[in-house]
$ cat input_4.tsv   # TSV, C-alpha atoms
chain	number	residue	atom	x	y	z
O	1	THR	CA	-13.09	-2.41	-12.20
O	2	GLN	CA	-9.54	-2.91	-10.96
O	3	LEU	CA	-6.91	-1.00	-12.92
O	4	LEU	CA	-4.37	-3.65	-11.96
O	5	GLU	CA	-5.64	-7.22	-12.12
O	6	GLN	CA	-3.74	-9.80	-10.14
O	7	SER	CA	-4.03	-13.51	-10.69
O	8	PRO	CA	-4.50	-15.88	-9.17
O	9	GLN	CA	-6.37	-14.37	-6.25
O	10	PHE	CA	-5.54	-17.36	-4.04
O	11	LEU	CA	-2.75	-19.90	-4.40
O	12	SER	CA	-1.98	-22.84	-2.14
O	13	ILE	CA	1.05	-24.98	-2.96
O	14	GLN	CA	3.40	-27.47	-1.38
O	15	GLU	CA	6.86	-26.52	-0.15
O	16	GLY	CA	9.41	-26.85	-2.95
O	17	GLU	CA	7.05	-26.05	-5.81
O	18	ASN	CA	7.46	-23.13	-8.19
O	19	LEU	CA	4.79	-20.51	-8.79
O	20	THR	CA	4.09	-17.40	-10.82
O	21	VAL	CA	1.85	-14.47	-9.90
O	22	TYR	CA	0.64	-12.09	-12.58
O	23	CYS	CA	-0.23	-8.42	-12.56
O	24	ASN	CA	-1.96	-7.12	-15.67
O	25	SER	CA	-3.38	-3.85	-16.90
O	26	SER	CA	-4.47	-2.13	-20.08
O	27	SER	CA	-2.72	1.03	-18.84
O	28	VAL	CA	0.96	1.94	-19.04
O	29	PHE	CA	2.93	2.39	-15.83
O	30	SER	CA	6.04	4.47	-15.25
O	31	SER	CA	7.14	2.04	-12.59
O	32	LEU	CA	5.76	-0.96	-10.81
O	33	GLN	CA	6.43	-2.22	-7.33
O	34	TRP	CA	5.82	-5.52	-5.60
O	35	TYR	CA	5.00	-5.70	-1.91
O	36	ARG	CA	4.39	-8.50	0.55
O	37	GLN	CA	1.94	-8.00	3.39
O	38	GLU	CA	1.64	-10.19	6.47
O	39	PRO	CA	-1.61	-10.32	8.48
O	40	GLY	CA	-1.91	-7.28	10.73
O	41	GLU	CA	1.10	-5.56	9.17
O	42	GLY	CA	1.77	-2.99	6.49
O	43	PRO	CA	3.02	-3.79	2.98
O	44	VAL	CA	6.78	-4.33	2.76
O	45	LEU	CA	8.47	-3.29	-0.47
O	46	LEU	CA	10.18	-6.15	-2.31
O	47	VAL	CA	11.26	-4.56	-5.58
O	48	THR	CA	10.71	-1.69	-8.01
O	49	VAL	CA	10.91	-2.17	-11.78
O	50	VAL	CA	11.05	0.83	-14.08
O	51	THR	CA	12.22	-0.25	-17.53
O	52	GLY	CA	10.15	-2.26	-20.01
O	53	GLY	CA	11.48	-5.80	-20.17
O	54	GLU	CA	13.43	-5.40	-16.95
O	55	VAL	CA	14.12	-8.50	-14.88
O	56	LYS	CA	15.17	-8.34	-11.24
O	57	LYS	CA	16.10	-11.19	-8.96
O	58	LEU	CA	15.87	-11.27	-5.20
O	59	LYS	CA	17.14	-14.66	-4.01
O	60	ARG	CA	14.42	-17.11	-5.10
O	61	LEU	CA	12.12	-14.37	-6.38
O	62	THR	CA	12.26	-13.16	-9.99
O	63	PHE	CA	10.36	-10.06	-11.05
O	64	GLN	CA	9.70	-9.08	-14.65
O	65	PHE	CA	8.24	-5.90	-16.12
O	66	GLY	CA	6.51	-6.33	-19.46
O	67	ASP	CA	8.01	-4.75	-22.57
O	68	ALA	CA	5.05	-2.40	-22.90
O	69	ARG	CA	5.08	-1.62	-19.15
O	70	LYS	CA	1.49	-2.79	-18.79
O	71	ASP	CA	2.12	-6.00	-16.89
O	72	SER	CA	4.47	-7.71	-14.49
O	73	SER	CA	5.08	-11.12	-13.03
O	74	LEU	CA	6.58	-12.53	-9.87
O	75	HIS	CA	8.07	-16.01	-10.01
O	76	ILE	CA	9.07	-17.88	-6.87
O	77	THR	CA	11.34	-20.89	-7.14
O	78	ALA	CA	11.24	-23.68	-4.57
O	79	ALA	CA	8.66	-21.97	-2.39
O	80	GLN	CA	9.04	-22.18	1.39
O	81	PRO	CA	6.45	-21.75	4.17
O	82	GLY	CA	8.09	-18.43	4.99
O	83	ASP	CA	6.95	-17.14	1.59
O	84	THR	CA	3.34	-17.30	2.75
O	85	GLY	CA	1.68	-13.90	2.59
O	86	LEU	CA	-0.32	-11.44	0.50
O	87	TYR	CA	1.59	-10.29	-2.56
O	88	LEU	CA	0.58	-6.92	-3.95
O	89	CYS	CA	1.61	-5.20	-7.13
O	90	ALA	CA	1.34	-1.42	-7.30
O	91	GLY	CA	2.18	1.01	-10.04
O	92	VAL	CA	2.55	4.65	-10.89
O	93	LEU	CA	0.46	5.43	-13.96
O	94	SER	CA	2.32	7.15	-16.78
O	95	SER	CA	-0.68	9.37	-17.34
O	96	GLY	CA	-1.47	9.99	-13.72
O	97	SER	CA	-0.07	11.63	-10.66
O	98	ALA	CA	3.41	10.49	-9.77
O	99	ARG	CA	2.33	10.59	-6.17
O	100	GLN	CA	-0.32	7.91	-6.31
O	101	LEU	CA	0.31	4.21	-6.21
O	102	THR	CA	-2.45	2.14	-7.80
O	103	PHE	CA	-2.66	-1.25	-6.12
O	104	GLY	CA	-3.85	-4.59	-7.35
O	105	SER	CA	-6.16	-6.60	-5.13
O	106	GLY	CA	-3.43	-9.04	-4.22
O	107	THR	CA	-2.56	-12.72	-4.40
O	108	GLN	CA	-2.83	-14.66	-1.16
O	109	LEU	CA	-0.10	-17.30	-1.22
O	110	THR	CA	-0.02	-20.22	1.19
O	111	VAL	CA	2.95	-22.55	1.15
O	112	LEU	CA	2.28	-25.78	2.99
O	113	PRO	CA	5.14	-27.64	4.67
I	1	ASN	CA	16.65	4.51	11.52
I	2	ALA	CA	13.10	3.91	12.61
I	3	GLY	CA	10.54	3.11	9.98
I	4	VAL	CA	7.19	4.77	9.46
I	5	MET	CA	5.42	4.86	12.82
I	6	GLN	CA	1.66	4.80	13.10
I	7	ASN	CA	-0.44	4.97	16.21
I	8	PRO	CA	-2.59	3.71	17.55
I	9	ARG	CA	-2.33	0.23	16.04
I	10	HIS	CA	-5.94	-0.47	16.88
I	11	LEU	CA	-8.74	2.03	17.45
I	12	VAL	CA	-12.33	1.35	18.39
I	13	ARG	CA	-14.89	4.12	18.05
I	14	ARG	CA	-18.65	4.26	18.43
I	15	ARG	CA	-20.71	5.62	15.58
I	16	GLY	CA	-20.67	9.40	15.62
I	17	GLN	CA	-17.34	9.76	17.42
I	18	GLU	CA	-14.15	11.18	15.97
I	19	ALA	CA	-11.11	9.11	15.02
I	20	ARG	CA	-7.58	10.54	14.89
I	21	LEU	CA	-4.85	8.50	13.26
I	22	ARG	CA	-1.21	9.56	13.55
I	23	CYS	CA	1.75	8.93	11.29
I	24	SER	CA	5.39	9.83	11.81
I	25	PRO	CA	7.35	9.42	8.56
I	26	MET	CA	10.79	7.91	8.30
I	27	LYS	CA	13.63	10.23	9.25
I	28	GLY	CA	14.50	12.46	6.33
I	29	HIS	CA	11.19	11.87	4.56
I	30	SER	CA	9.04	14.91	3.92
I	31	HIS	CA	6.30	13.30	1.81
I	32	VAL	CA	3.42	11.42	3.41
I	33	TYR	CA	0.67	9.37	1.80
I	34	TRP	CA	-2.44	7.85	3.35
I	35	TYR	CA	-4.09	4.70	2.01
I	36	ARG	CA	-7.16	2.80	3.13
I	37	GLN	CA	-7.60	-0.96	2.92
I	38	LEU	CA	-11.18	-2.11	3.23
I	39	PRO	CA	-11.93	-5.75	4.06
I	40	GLU	CA	-11.49	-7.94	0.97
I	41	GLU	CA	-10.27	-4.97	-1.09
I	42	GLY	CA	-6.92	-3.59	-2.15
I	43	LEU	CA	-5.28	-0.45	-0.88
I	44	LYS	CA	-6.79	2.77	-2.14
I	45	PHE	CA	-4.98	6.10	-2.27
I	46	MET	CA	-6.52	8.81	-0.13
I	47	VAL	CA	-4.22	11.81	0.16
I	48	TYR	CA	-0.67	13.04	-0.40
I	49	LEU	CA	0.87	15.69	1.81
I	50	GLN	CA	4.09	17.57	2.22
I	51	LYS	CA	4.91	19.63	5.27
I	52	GLU	CA	2.05	22.09	5.83
I	53	ASN	CA	0.55	21.39	2.41
I	54	ILE	CA	-2.04	19.04	0.96
I	55	ILE	CA	-0.80	18.24	-2.52
I	56	ASP	CA	-3.33	15.68	-3.77
I	57	GLU	CA	-6.52	14.73	-1.95
I	58	SER	CA	-8.29	13.19	-4.91
I	59	GLY	CA	-8.88	9.94	-3.02
I	60	MET	CA	-10.37	11.49	0.10
I	61	PRO	CA	-14.10	11.28	0.74
I	62	LYS	CA	-15.58	14.75	0.38
I	63	GLU	CA	-17.13	14.81	3.84
I	64	ARG	CA	-15.95	13.95	7.34
I	65	PHE	CA	-12.35	13.17	6.35
I	66	SER	CA	-9.43	15.56	6.66
I	67	ALA	CA	-5.66	15.30	6.79
I	68	GLU	CA	-2.81	17.51	7.87
I	69	PHE	CA	0.96	17.40	8.08
I	70	PRO	CA	2.08	20.27	10.30
I	71	LYS	CA	5.53	21.79	10.36
I	72	GLU	CA	6.18	20.05	13.65
I	73	GLY	CA	4.75	16.70	14.64
I	74	PRO	CA	3.12	13.78	12.90
I	75	SER	CA	0.67	13.71	10.06
I	76	ILE	CA	-2.92	13.31	11.25
I	77	LEU	CA	-5.82	11.68	9.44
I	78	ARG	CA	-9.04	12.77	11.06
I	79	ILE	CA	-12.43	11.16	10.56
I	80	GLN	CA	-15.40	12.95	12.07
I	81	GLN	CA	-18.71	11.32	12.96
I	82	VAL	CA	-17.49	7.85	12.08
I	83	VAL	CA	-19.85	5.30	10.54
I	84	ARG	CA	-19.55	1.52	10.31
I	85	GLY	CA	-18.37	1.79	6.71
I	86	ASP	CA	-15.25	3.61	7.92
I	87	SER	CA	-14.01	0.40	9.54
I	88	ALA	CA	-10.80	-0.44	7.71
I	89	ALA	CA	-7.04	-0.53	7.98
I	90	TYR	CA	-5.48	2.87	7.35
I	91	PHE	CA	-1.89	2.89	6.19
I	92	CYS	CA	0.56	5.73	6.02
I	93	ALA	CA	3.58	5.72	3.73
I	94	SER	CA	6.46	8.13	3.38
I	95	SER	CA	9.10	8.93	0.80
I	96	PRO	CA	12.09	11.26	0.67
I	97	HIS	CA	10.90	12.87	-2.56
I	98	THR	CA	8.36	12.39	-5.27
I	99	GLY	CA	8.78	11.26	-8.84
I	100	GLU	CA	7.90	8.47	-11.20
I	101	ASN	CA	10.17	5.97	-9.50
I	102	THR	CA	9.67	7.07	-5.92
I	103	GLU	CA	9.60	4.22	-3.48
I	104	ALA	CA	7.16	4.55	-0.61
I	105	PHE	CA	7.67	2.81	2.71
I	106	PHE	CA	4.60	1.83	4.69
I	107	GLY	CA	3.81	1.83	8.37
I	108	GLN	CA	2.10	-1.03	10.17
I	109	GLY	CA	-1.28	0.61	9.90
I	110	THR	CA	-4.11	1.60	12.20
I	111	ARG	CA	-7.05	-0.75	12.30
I	112	LEU	CA	-10.19	1.25	12.91
I	113	THR	CA	-13.29	-0.54	14.10
I	114	VAL	CA	-16.54	1.37	14.35
I	115	VAL	CA	-19.12	-0.22	16.62
$ encode --input "input_4.tsv" --output "structure tokens"
Amino acid sequence: TQLLEQSPQFLSIQEGENLTVYCNSSSVFSSLQWYRQEPGEGPVLLVTVVTGGEVKKLKRLTFQFGDARKDSSLHITAAQPGDTGLYLCAGVLSSGSARQLTFGSGTQLTVLP
Amino acid sequence: NAGVMQNPRHLVRRRGQEARLRCSPMKGHSHVYWYRQLPEEGLKFMVYLQKENIIDESGMPKERFSAEFPKEGPSILRIQQVVRGDSAAYFCASSPHTGENTEAFFGQGTRLTVV
């Protein structure tokens, strides 16, 4: 059983559409990070959210941390083919080791031109 | 400032051989983490090291796997007597310190194939 459930697992959309990716858990996280991973490469950090209810924006990407710090979402506005990739959420459990990142299984996004 | 450097990028080993994966953290980072990404699965924590010390190895298989981070040189993840199930991408990450909000930066990974 995944501690962090990501949905959808796969998403294929047309250029210009909006989309939202979800990351849910029954556990509380001290912080949560979003990464993007290209094929054959390592995960690249996009953002870290630490406060319940926090919203961060990175150009066309909007990240939100749930009030209870159990879930997060990533919203992309006007998606572009360059947004294609595997999006991973990862968190530090409040009850766990601050050294371990727990990863979700990822959302594979494909943006078609 | 170079990022986290891993080598080799690709490694092919026959069953029973040893695999050595190297990771040089970002400049100024003294904390190293190893993760494994199996096909169709997410990244799983393996081990956390500081210079000359293993701090948390709760994710490491009990046998055949070992890790070190010597005073000088890169961190090494060593897999003895590899089996086909060890085929995966192994990622190293580093951070300047540890804490609840520590951000880890990942290398490009080593893709191990056991034939």
$ interface_residues --input "input_4.tsv" --of "chain I" --to "chain O" --cutoff "12 Å" --atoms "all atoms listed in the file" --output "ChimeraX atom specification"
/I:3-6,9-10,31-50,54-59,88-111
$ residues_around --input "input_4.tsv" --residues "Gly53 (chain O)" --least-positions-apart "6" --cutoff "9 Å" --atoms "all atoms listed in the file" --output "JSON, numbers by chain"
{"O": [64, 65, 66, 67, 68, 69]}
$ residues_around --input "input_4.tsv" --residues "Gln6 (chain O)" --least-positions-apart "2" --cutoff "10 Å" --atoms "only C-alpha atoms" --output "NGL selection string"
:O and (2-4 or 8-10 or 21-25 or 71-73 or 87-89 or 103-107)
$ atom_distance --input "input_4.tsv" --atom1 "CA of Phe63 (chain O)" --atom2 "CA of His75 (chain O)"
6.5 Å
$ atom_distance --input "input_4.tsv" --atom1 "CA of Ser26 (chain O)" --atom2 "CA of Val55 (chain O)"
20.3 Å
$ residues_around --input "input_4.tsv" --residues "region 62-75 of chain I" --least-positions-apart "4" --cutoff "7 Å" --atoms "only C-alpha atoms" --output "PDB file with C-alpha atoms, in the frame of the given file"
ATOM      1  CA  ARG I  22      -1.210   9.560  13.550  1.00  0.00           C
ATOM      2  CA  CYS I  23       1.750   8.930  11.290  1.00  0.00           C
ATOM      3  CA  SER I  24       5.390   9.830  11.810  1.00  0.00           C
ATOM      4  CA  LEU I  49       0.870  15.690   1.810  1.00  0.00           C
ATOM      5  CA  GLN I  50       4.090  17.570   2.220  1.00  0.00           C
ATOM      6  CA  LYS I  51       4.910  19.630   5.270  1.00  0.00           C
ATOM      7  CA  GLU I  52       2.050  22.090   5.830  1.00  0.00           C
ATOM      8  CA  ASN I  53       0.550  21.390   2.410  1.00  0.00           C
ATOM      9  CA  ILE I  79     -12.430  11.160  10.560  1.00  0.00           C
ATOM     10  CA  GLN I  80     -15.400  12.950  12.070  1.00  0.00           C
ATOM     11  CA  GLN I  81     -18.710  11.320  12.960  1.00  0.00           C
TER      12      GLN I  81
END
$ residues_around --input "input_4.tsv" --residues "Leu109 (chain O)" --least-positions-apart "6" --cutoff "12 Å" --atoms "only C-alpha atoms" --output "list of chain:residue names"
O:Ser7, O:Pro8, O:Gln9, O:Phe10, O:Leu11, O:Ser12, O:Ile13, O:Gln14, O:Glu15, O:Asn18, O:Leu19, O:Thr20, O:Val21, O:Arg36, O:Gln37, O:Glu38, O:Leu74, O:Ile76, O:Ala79, O:Gln80, O:Pro81, O:Gly82, O:Asp83, O:Thr84, O:Gly85, O:Leu86, O:Tyr87, O:Leu88
$ residues_around --input "input_4.tsv" --residues "Leu11 (chain I)" --least-positions-apart "5" --cutoff "9 Å" --atoms "only C-alpha atoms" --output "ChimeraX atom specification"
/I:19-21,110-114
$ closest_residue --input "input_4.tsv" --among "I:Gly16, I:Pro8, I:Gly28, I:Pro61" --to "Ile76 (chain I)" --atoms "all atoms listed in the file"
I:Pro8
$ atom_distance --input "input_4.tsv" --atom1 "CA of Lys57 (chain O)" --atom2 "CA of Thr77 (chain O)"
11.0 Å
$ closest_residue --input "input_4.tsv" --among "O:Glu17, O:Leu58, O:Lys70, O:Glu5" --to "Thr110 (chain O)" --atoms "all atoms listed in the file"
O:Glu17
